[in-house]
Every structure is written in C-alpha cells, then in structure tokens.
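Just run.txt here, compact mmCIF, C-alpha atoms:
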# COMPACT_ATOMS: atom_id res chain seq x y z
CA MET C 185 0.00 0.00 0.00
CA SER C 186 2.67 2.52 1.00
CA GLU C 187 4.71 1.63 -2.07
CA ASN C 188 1.75 2.39 -4.32
CA ILE C 189 1.19 5.75 -2.61
CA GLU C 190 4.81 6.73 -3.08
CA GLU C 191 4.66 5.82 -6.78
CA CYS C 192 1.33 7.53 -7.44
CA THR C 193 1.46 10.67 -9.63
CA HIS C 194 -2.31 11.36 -9.33
CA ASP C 195 -2.52 11.03 -13.11
CA CYS C 196 -3.65 7.53 -14.07
CA SER C 197 -2.55 8.00 -17.66
CA THR C 198 1.10 8.19 -16.65
CA CYS C 199 1.14 6.59 -13.19
CA SER C 200 2.87 3.22 -12.67
CA ALA C 201 1.25 2.50 -9.30
CA ASN C 202 -1.15 -0.43 -9.22
CA CYS C 203 -3.76 1.10 -6.91
CA SER C 204 -7.39 0.07 -6.49
CA SER C 205 -8.71 3.39 -7.75
CA ARG C 206 -7.12 3.05 -11.19
CA ASP C 207 -10.08 1.28 -12.80
CA SER C 208 -12.59 3.71 -11.33
CA ALA C 209 -10.68 6.90 -12.14
CA PRO C 210 -12.76 9.09 -14.48
CA ALA C 211 -11.32 9.73 -17.91
CA ASP C 212 -13.20 13.03 -18.19
CA LEU C 213 -13.94 15.27 -15.19
CA THR C 214 -15.93 17.82 -17.20
CA GLU C 215 -19.25 18.69 -15.54
CA LYS C 216 -22.43 18.83 -17.60
CA LEU C 217 -23.96 22.22 -18.25
CA ASN C 218 -27.47 22.79 -16.92
CA LYS C 219 -29.88 21.28 -19.45
CA TYR C 220 -31.67 24.60 -19.85
CA SER C 221 -28.42 26.43 -20.60
CA SER C 222 -26.61 27.27 -23.81
CA VAL C 223 -23.03 28.59 -23.78
CA LYS C 224 -21.05 28.79 -27.02
CA LYS C 225 -17.58 29.93 -25.89
CA VAL C 226 -15.98 29.87 -22.43
CA ILE C 227 -12.87 31.93 -21.71
CA GLY C 228 -10.98 31.73 -18.43
CA VAL C 229 -9.21 34.87 -17.20
CA VAL C 230 -6.27 33.88 -15.02
CA SER C 231 -3.28 35.35 -13.24
CA GLY C 232 -0.30 33.82 -11.51
CA LYS C 233 -0.59 36.28 -8.62
CA GLY C 234 -3.13 38.62 -7.09
CA GLY C 235 -3.32 42.37 -7.47
CA VAL C 236 -2.85 42.60 -11.23
CA GLY C 237 -6.39 43.70 -12.09
CA LYS C 238 -7.71 40.38 -13.35
CA SER C 239 -11.32 41.14 -12.40
CA LEU C 240 -11.12 44.55 -14.07
CA VAL C 241 -9.86 42.94 -17.28
CA THR C 242 -12.59 40.27 -17.07
CA SER C 243 -15.28 42.92 -16.66
CA MET C 244 -13.97 45.09 -19.49
CA LEU C 245 -13.76 42.14 -21.88
CA ALA C 246 -17.34 41.13 -21.05
CA VAL C 247 -18.52 44.72 -21.59
CA THR C 248 -16.61 45.05 -24.85
CA PHE C 249 -17.96 41.81 -26.33
CA SER C 250 -21.46 42.81 -25.21
CA ARG C 251 -21.08 46.21 -26.86
CA ASN C 252 -20.03 44.40 -30.04
CA GLY C 253 -23.38 42.63 -30.16
CA TYR C 254 -22.75 39.38 -28.29
CA HIS C 255 -24.64 38.08 -25.29
CA THR C 256 -21.97 37.78 -22.64
CA ALA C 257 -21.80 36.38 -19.12
CA VAL C 258 -19.37 36.36 -16.22
CA LEU C 259 -18.96 33.36 -13.94
CA ASP C 260 -17.17 34.69 -10.87
CA ALA C 261 -15.00 31.77 -9.72
CA ASP C 262 -13.02 33.95 -7.30
CA ILE C 263 -15.17 32.71 -4.43
CA THR C 264 -13.20 34.21 -1.54
CA GLY C 265 -12.57 37.54 -3.28
CA PRO C 266 -15.61 38.22 -5.46
CA SER C 267 -15.52 41.69 -6.99
CA ILE C 268 -17.52 41.29 -10.21
CA PRO C 269 -20.92 42.33 -8.73
CA LYS C 270 -19.42 45.55 -7.34
CA ALA C 271 -17.87 46.44 -10.70
CA PHE C 272 -21.30 46.16 -12.34
CA GLY C 273 -23.19 47.84 -9.49
CA ILE C 274 -25.27 44.75 -8.71
CA LYS C 275 -26.93 44.74 -5.29
CA GLU C 276 -29.80 42.27 -5.63
CA ARG C 277 -29.53 38.58 -4.80
CA ALA C 278 -29.80 35.78 -7.36
CA MET C 279 -33.14 33.99 -7.49
CA GLY C 280 -34.06 30.44 -8.43
CA SER C 281 -36.70 28.61 -10.43
CA GLU C 282 -37.60 25.01 -11.17
CA GLN C 283 -34.95 25.09 -13.88
CA GLY C 284 -32.12 26.21 -11.60
CA ILE C 285 -30.41 29.34 -10.27
CA LEU C 286 -31.00 32.43 -12.38
CA PRO C 287 -28.05 34.77 -12.98
CA VAL C 288 -28.50 38.47 -12.30
CA LYS C 289 -28.56 40.71 -15.35
CA THR C 290 -26.61 43.95 -15.50
CA ALA C 291 -27.96 47.19 -16.92
CA SER C 292 -26.75 46.23 -20.42
CA GLY C 293 -27.91 42.61 -20.19
CA ILE C 294 -24.73 40.79 -19.15
CA ASP C 295 -25.46 37.69 -17.04
CA ILE C 296 -23.58 37.52 -13.73
CA MET C 297 -23.20 34.76 -11.14
CA SER C 298 -21.09 35.30 -8.05
CA VAL C 299 -21.14 34.02 -4.49
CA ASN C 300 -21.88 37.60 -3.37
CA LEU C 301 -25.25 37.28 -5.08
CA LEU C 302 -26.11 34.39 -2.77
CA LEU C 303 -24.92 35.84 0.54
CA GLU C 304 -27.21 37.80 2.86
CA HIS C 305 -24.68 40.63 3.03
CA GLU C 306 -22.04 41.33 0.38
CA THR C 307 -19.42 41.87 3.09
CA ASP C 308 -19.99 38.45 4.67
CA PRO C 309 -16.68 36.52 4.52
CA VAL C 310 -16.53 33.18 2.74
CA ILE C 311 -14.62 30.97 5.18
CA TRP C 312 -14.73 27.65 3.35
CA ARG C 313 -12.19 24.93 2.73
CA GLY C 314 -10.96 24.02 -0.74
CA PRO C 315 -13.45 21.23 -1.57
CA VAL C 316 -16.43 23.47 -0.72
CA LEU C 317 -15.02 26.32 -2.82
CA ALA C 318 -14.47 23.95 -5.73
CA GLY C 319 -17.97 22.53 -5.35
CA THR C 320 -19.47 26.01 -5.49
CA VAL C 321 -17.69 26.74 -8.77
CA LYS C 322 -19.04 23.50 -10.23
CA GLN C 323 -22.57 24.49 -9.18
CA PHE C 324 -22.18 27.83 -10.93
CA TRP C 325 -21.74 25.79 -14.12
CA THR C 326 -24.21 22.94 -13.54
CA ASP C 327 -27.03 24.61 -11.58
CA VAL C 328 -27.20 28.09 -13.10
CA VAL C 329 -29.42 28.70 -16.12
CA TRP C 330 -27.18 30.41 -18.67
CA GLN C 331 -29.50 31.25 -21.57
CA ASP C 332 -28.13 31.78 -25.08
CA VAL C 333 -24.69 32.99 -23.99
CA ASP C 334 -22.23 33.70 -26.81
CA TYR C 335 -19.18 34.39 -24.61
CA MET C 336 -18.77 33.43 -20.98
CA PHE C 337 -15.80 34.86 -19.08
CA VAL C 338 -14.69 32.97 -15.98
CA ASP C 339 -12.98 35.25 -13.46
CA MET C 340 -10.62 32.84 -11.72
CA PRO C 341 -8.77 33.30 -8.43
CA PRO C 342 -5.03 33.89 -8.71
CA GLY C 343 -2.50 31.08 -8.50
CA THR C 344 -2.67 27.37 -9.25
CA GLY C 345 -4.67 26.03 -6.30
CA ASP C 346 -7.88 24.06 -5.86
CA VAL C 347 -10.31 26.41 -7.60
CA PRO C 348 -8.27 27.08 -10.77
CA LEU C 349 -7.67 23.35 -11.02
CA THR C 350 -11.40 22.70 -10.63
CA VAL C 351 -12.24 25.19 -13.37
CA PHE C 352 -9.68 23.66 -15.73
CA GLN C 353 -10.99 20.15 -15.09
CA SER C 354 -14.73 20.76 -14.74
CA ILE C 355 -15.59 23.51 -17.23
CA PRO C 356 -14.89 23.05 -20.96
CA LEU C 357 -12.74 26.12 -21.54
CA ASP C 358 -12.13 27.20 -25.12
CA GLY C 359 -9.05 29.08 -23.96
CA ILE C 360 -7.59 31.30 -21.29
CA VAL C 361 -6.34 34.87 -21.12
CA ILE C 362 -3.38 35.49 -18.80
CA VAL C 363 -3.32 38.84 -17.02
CA THR C 364 -0.04 40.18 -15.70
CA SER C 365 1.72 43.41 -14.72
CA PRO C 366 5.10 44.89 -15.74
CA GLN C 367 7.13 44.01 -12.61
CA GLU C 368 10.35 42.00 -12.81
CA LEU C 369 8.74 38.81 -11.45
CA VAL C 370 6.43 38.64 -14.46
CA SER C 371 8.37 35.90 -16.29
CA MET C 372 8.23 33.47 -13.38
CA ILE C 373 4.57 34.20 -12.60
CA VAL C 374 3.47 33.89 -16.23
CA GLY C 375 5.51 30.70 -16.54
CA LYS C 376 3.49 29.07 -13.76
CA ALA C 377 0.19 29.94 -15.42
CA VAL C 378 1.44 28.79 -18.83
CA ARG C 379 2.69 25.45 -17.53
CA MET C 380 -0.54 24.77 -15.66
CA ALA C 381 -2.57 25.44 -18.82
CA GLN C 382 -0.26 23.19 -20.82
CA MET C 383 -0.55 20.38 -18.25
CA MET C 384 -4.35 20.65 -18.40
CA ASP C 385 -4.30 20.92 -22.23
CA ILE C 386 -6.05 24.32 -22.25
CA PRO C 387 -5.32 26.69 -25.18
CA ILE C 388 -3.77 30.05 -24.24
CA LEU C 389 -5.40 32.84 -26.24
CA GLY C 390 -2.87 35.45 -25.21
CA ILE C 391 -1.59 37.73 -22.49
CA VAL C 392 -2.79 41.12 -21.23
CA GLU C 393 -0.38 43.43 -19.45
CA ASN C 394 -2.36 45.59 -17.05
CA MET C 395 -1.08 48.80 -15.39
CA SER C 396 1.42 49.02 -18.22
CA TRP C 397 1.52 52.81 -18.59
CA PHE C 398 -0.32 56.04 -17.88
CA LYS C 399 -0.86 59.22 -19.84
CA CYS C 400 0.34 62.42 -18.23
CA PRO C 401 -2.64 64.79 -17.85
CA ASP C 402 -0.35 67.79 -18.47
CA CYS C 403 1.90 66.84 -21.40
CA GLY C 404 -0.09 63.90 -22.80
CA ASN C 405 2.98 61.64 -22.99
CA LYS C 406 3.01 58.00 -21.93
CA HIS C 407 4.94 57.13 -18.80
CA TYR C 408 5.89 53.69 -17.49
CA PRO C 409 5.80 53.71 -13.66
CA PHE C 410 7.16 50.18 -13.33
CA GLY C 411 10.02 50.75 -15.75
CA GLU C 412 10.53 49.23 -19.16
CA SER C 413 8.13 46.38 -19.84
CA LYS C 414 9.47 42.85 -20.25
CA LEU C 415 6.27 41.68 -21.92
CA THR C 416 7.71 41.26 -25.41
CA GLU C 417 10.52 39.03 -24.14
CA VAL C 418 8.16 37.02 -21.92
CA ALA C 419 5.62 36.55 -24.71
CA LYS C 420 8.38 35.38 -27.05
CA GLU C 421 9.78 33.01 -24.42
CA TYR C 422 6.46 31.24 -23.98
CA GLY C 423 5.11 31.69 -27.48
CA LEU C 424 2.21 33.91 -26.40
CA GLU C 425 0.19 36.47 -28.31
CA ILE C 426 0.22 39.94 -26.73
CA LEU C 427 -3.46 40.89 -26.66
CA THR C 428 -3.00 44.42 -25.35
CA ARG C 429 -1.22 46.66 -22.85
CA MET C 430 -3.79 48.32 -20.60
CA PRO C 431 -3.03 51.65 -18.91
CA ILE C 432 -3.39 52.87 -15.35
CA ASP C 433 -6.52 54.96 -15.80
CA PRO C 434 -8.08 56.62 -12.74
CA GLU C 435 -11.38 56.99 -14.60
CA ASN C 436 -11.59 53.24 -15.25
CA ALA C 437 -10.80 52.50 -11.61
CA LYS C 438 -13.43 55.01 -10.51
CA ALA C 439 -16.02 53.45 -12.81
CA CYS C 440 -15.22 49.99 -11.44
CA ASP C 441 -15.43 51.12 -7.82
CA SER C 442 -18.74 52.90 -8.39
CA GLY C 443 -20.36 49.99 -10.26
CA LYS C 444 -20.30 51.71 -13.64
CA ILE C 445 -17.85 49.52 -15.55
CA GLU C 446 -20.37 49.31 -18.42
CA SER C 447 -19.79 53.01 -19.12
CA VAL C 448 -16.10 52.43 -19.91
CA ILE C 449 -15.03 52.49 -23.56
CA SER C 450 -11.51 51.10 -23.82
CA PRO C 451 -9.52 50.94 -27.08
CA GLU C 452 -7.21 48.44 -25.36
CA ALA C 453 -10.11 46.14 -24.46
CA GLU C 454 -11.34 46.43 -28.07
CA GLU C 455 -7.89 45.42 -29.29
CA ALA C 456 -7.86 42.41 -26.97
CA ALA C 457 -11.39 41.39 -27.95
CA GLU C 458 -10.52 41.45 -31.64
CA LYS C 459 -7.43 39.28 -31.11
CA ILE C 460 -9.37 36.85 -28.91
CA SER C 461 -11.98 36.44 -31.64
CA VAL C 462 -9.24 35.71 -34.16
CA ALA C 463 -7.59 33.20 -31.82
CA LEU C 464 -10.95 31.42 -31.45
CA GLY C 465 -11.32 31.29 -35.22
CA LEU C 466 -14.32 33.61 -35.34
Can the structure in the file be given as structure tokens, please?
Amino acid sequence: MSENIEECTHDCSTCSANCSSRDSAPADLTEKLNKYSSVKKVIGVVSGKGGVGKSLVTSMLAVTFSRNGYHTAVLDADITGPSIPKAFGIKERAMGSEQGILPVKTASGIDIMSVNLLLEHETDPVIWRGPVLAGTVKQFWTDVVWQDVDYMFVDMPPGTGDVPLTVFQSIPLDGIVIVTSPQELVSMIVGKAVRMAQMMDIPILGIVENMSWFKCPDCGNKHYPFGESKLTEVAKEYGLEILTRMPIDPENAKACDSGKIESVISPEAEEAAEKISVALGL
C-alpha cells in the first residue's frame, strides 16, 4: 500500500502505481452544463498572482464583447474575493426557479453569477475549505441557467490552487487569457500559469499586461511607472500572443469602484477582444 502511494502521480494516464482506484478513475472530469443552458464559448481569465487587475480585465472584456453585439456572461470563480458584482453595481440577490439558479442581469444585459449574489450581506466573509469552494464553482456551471450565452468569461482566483484546477478540469474552456503586470517577477509568474494550462491541455489565447503605462494629464505623454516592460521578451519566451497593454486609468478605476464599468469604452479592451476572436477562429 505505502509503495503504491509513493509511486502515485495522481494522473492515471502516466502513473505506474497499481492502486485500487485506477479502474474507477474518471477519464473526463468535465461537468455537464445545466440542461436549460446554452453557452457557445468559455474563456478563463487567469493570473499567476493577485493584485494585477484580473477582475477589471474580465469585466472590461465582457462589456466590450457585449457592446459588439454578443450576449456575454461572467462566472465569478473567485469565491473568496468576489468583486464582479461591485464592478457592475449589482446589489440584488440571485433567485431560483424550477430550472435552476438564475443569474442576475446587469444594466446592459450581461449575465452575472457570483457568491456575493447568494450571501445575505455582500461583506460576509466566505470561510470555506478548498473542496467546498471547488464545489461552489461547479454548481455555478451545472445549476445556473445560462441562456443563449455567446461568450462566458470565468474570473478565476489567482494562482494554481484548488479552484483554478477545478475550473480547468470541470468547465470546458475554449481558452484562457493570462493577465499580468510589468514588474520583474512577471516571467516566473506567467511561466506558472502557462505550464498549468499546458498540463491541463487548455489553449492560451494570449496575455494582457495591465497597469502598463499612464498618460500624463499635463503633457499627454506616456509614462511607465514600473520601468521598461518585459512583456515582449516574456511573450516570445512562452510563445504567447500579446493581446494588449492596458493603462493605469483613474477613470476606469473610478467606474469599477462605483459599479459603472459598463460606461467604460476602452480601445485596449477592443484590441484584446478582436485578437481573442481571431484566436478562437471567429
């Protein structure tokens, strides 16, 4: 028994251990979508570390695709740090029907599901262990009624822990977008996200560098507060498409904080959306 445990790689396709669970190990861990749902494309938005503006990028991509005529949705898989409802100014709680849980619609018709829409108070902490967090994400896919969604964006928690792994295994992603920032550690952090996607056989649509630059309100020139970007070198190292470089924009941050992200028109988000569509073959 102990010998088998030591040999086990937790991947039955490559493992040499002769354990009793081998025959019962599922070949496909993908969860079935709610039978009343229809979702055409699912895009995960990931980051190797927190604090890079992943939720802001997720929201702006959903808004941009919606503005371009697609029915979009956001599945907020960042269970312990949900910020999507606040960005869209959503206060009401999600309701249910005989068909399942109904997502809350934003002012422009984007479907949203987040744990904050199920809590009595939006400031209530989610103090759950990994398996419960992972189970909640699965339910957002299997129990929510996503009607006629063209593009679903999954806002994932940072890192490579339980919940990102659950999303990669349980939800049929068409690709992921990696969000990063210009700091020196970017190569190592991006490398972790890239390798996880490769191990899970998930296509990488490209990389977004957030907080890349800002425009001086006096002279109008671009300035780079974190120094010269390493994004070109990192993208070349890992064979990634650069989707866009998003600026530090106080107006965008203000819109996000006040629940008015749908009012933001971003040329950078448009650029990223166009490249994502091309990467998906659309």
Legend entry - Contacts of Ile362 of chain C at 9 Å (all atoms listed in the file; same-chain gap of 6+ positions) as a list in words: Gly228, Val229, Val230, Ser231, Gly232, Lys238, Val374, Ala377, Val378, Ile388, Leu389, Gly390, Ile391, Val392 and Glu393 of chain C
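Restricting the calculation to all atoms listed in the file, the smallest distance between Pro366 of chain C and any of C:Pro401, C:Gly284, C:Gly411, C:Gly319 is found for C:Gly411.
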Legend entry - Selection: 6 Å around Met336 of chain C, only C-alpha atoms, excl. self and same-chain fewer than 5 positions, as a PyMOL selection string: chain C and resi 226+256-258
Legend entry - Nearest candidate to Ile285 of chain C (options C:Tyr254, C:Phe249, C:Tyr335, C:Tyr220; using all atoms listed in the file):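 With all atoms listed in the file as the atom set, the closest residue is C:Tyr220.
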Inset, instruction - Compile the contact shell of Met380 of chain C as a list in words: residues with an atom at most 12 Å away, counting all atoms listed in the file, same-chain residues fewer than 3 positions apart removed. - result: Val230, Ser231, Gly232, Gly343, Thr344, Gly345, Pro348, Leu349, Val351, Phe352, Gln353, Ile360, Ile362, Ile373, Val374, Gly375, Lys376, Ala377, Met383, Met384, Asp385, Ile386, Pro387 and Ile388 of chain C
Inset, instruction - Compare C:Lys233, C:Lys216, C:Lys406, C:Lys289 by their minimum atom-to-atom distance to Met430 of chain C, counting only C-alpha atoms, and give me the closest one. - result: C:Lys406
Inset, instruction - Write out as a PyMOL selection string each polymer residue whose atoms come within 9 Å of Leu240 of chain C, counting all atoms listed in the file; drop sequence neighbours fewer than 5 positions from it. - result: chain C and resi 245+267-268+271+436-437+440+445
Inset, instruction - List every protein, DNA or RNA residue that has an atom no more than 8 Å from (-16.2, 35.1, -4.5) in the file's coordinate frame, counting only C-alpha atoms, and report them as a list in words. - result: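 Result, sorted by chain then residue number: Asp260, Ala261, Asp262, Ile263, Thr264, Gly265, Pro266, Ser267, Ser298, Val299, Asn300 and Val310 of chain C.
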Legend entry - Straight-line distance linking atom CA of Leu302 of chain C with atom CA of Asp334 of chain C, stated in Å to one decimal: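 Computed distance, atom CA of Leu302 of chain C to atom CA of Asp334 of chain C, equals 24.4 Å.
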Inset, instruction - Tell me, as a list in words, which residues lie within 8 Å of Ala318 of chain C, counting all atoms listed in the file; anything in the same chain fewer than 3 positions away does not count. - result: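 The neighbour list is Gly314, Pro315, Val321, Lys322, Asp346, Val347 and Thr350 of chain C.
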Legend entry - Cut-off 6 Å around (0.2, 40.7, -14.8) with all atoms listed in the file: residues as a list of chain:residue names: C:Val236, C:Val363, C:Thr364, C:Ser365, C:Glu393, C:Asn394
Include C-alpha atoms and write out the residues we just selected as an mmCIF file, in the frame of the given file.
data_model
loop_
_atom_site.group_PDB
_atom_site.id
_atom_site.type_symbol
_atom_site.label_atom_id
_atom_site.label_comp_id
_atom_site.auth_asym_id
_atom_site.auth_seq_id
_atom_site.Cartn_x
_atom_site.Cartn_y
_atom_site.Cartn_z
ATOM 1 C CA VAL C 236 -2.850 42.600 -11.230
ATOM 2 C CA VAL C 363 -3.320 38.840 -17.020
ATOM 3 C CA THR C 364 -0.040 40.180 -15.700
ATOM 4 C CA SER C 365 1.720 43.410 -14.720
ATOM 5 C CA GLU C 393 -0.380 43.430 -19.450
ATOM 6 C CA ASN C 394 -2.360 45.590 -17.050
#
Inset, instruction - Rounded to one decimal place, report the atom CA of Thr428 of chain C-atom CA of Phe272 of chain C distance in Å. - result: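 Answer for the atom CA of Thr428 of chain C to atom CA of Phe272 of chain C separation: 22.5 Å.
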Inset, instruction - Give me, please, the distance in Å between atom CA of Arg313 of chain C and atom CA of Ser354 of chain C, quoted to one decimal. - result: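 If I compute the distance from atom CA of Arg313 of chain C to atom CA of Ser354 of chain C, I get 18.1 Å.
Using all atoms listed in the file for every distance, the candidate list C:Val241, C:Gln331, C:Lys270, C:Asn405 yields C:Val241 as the residue closest to Arg429 of chain C.
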Legend entry - Pick from C:Asp433, C:Asp332, C:Asp358, C:Glu425 nearest to Lys459 of chain C, counting only C-alpha atoms: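 The answer is C:Glu425, which sits nearest to Lys459 of chain C.
Using all atoms listed in the file, the shortest contact distance between Gln323 of chain C and any of C:Met395, C:Leu301, C:Leu217, C:Cys403 is found at C:Leu217.
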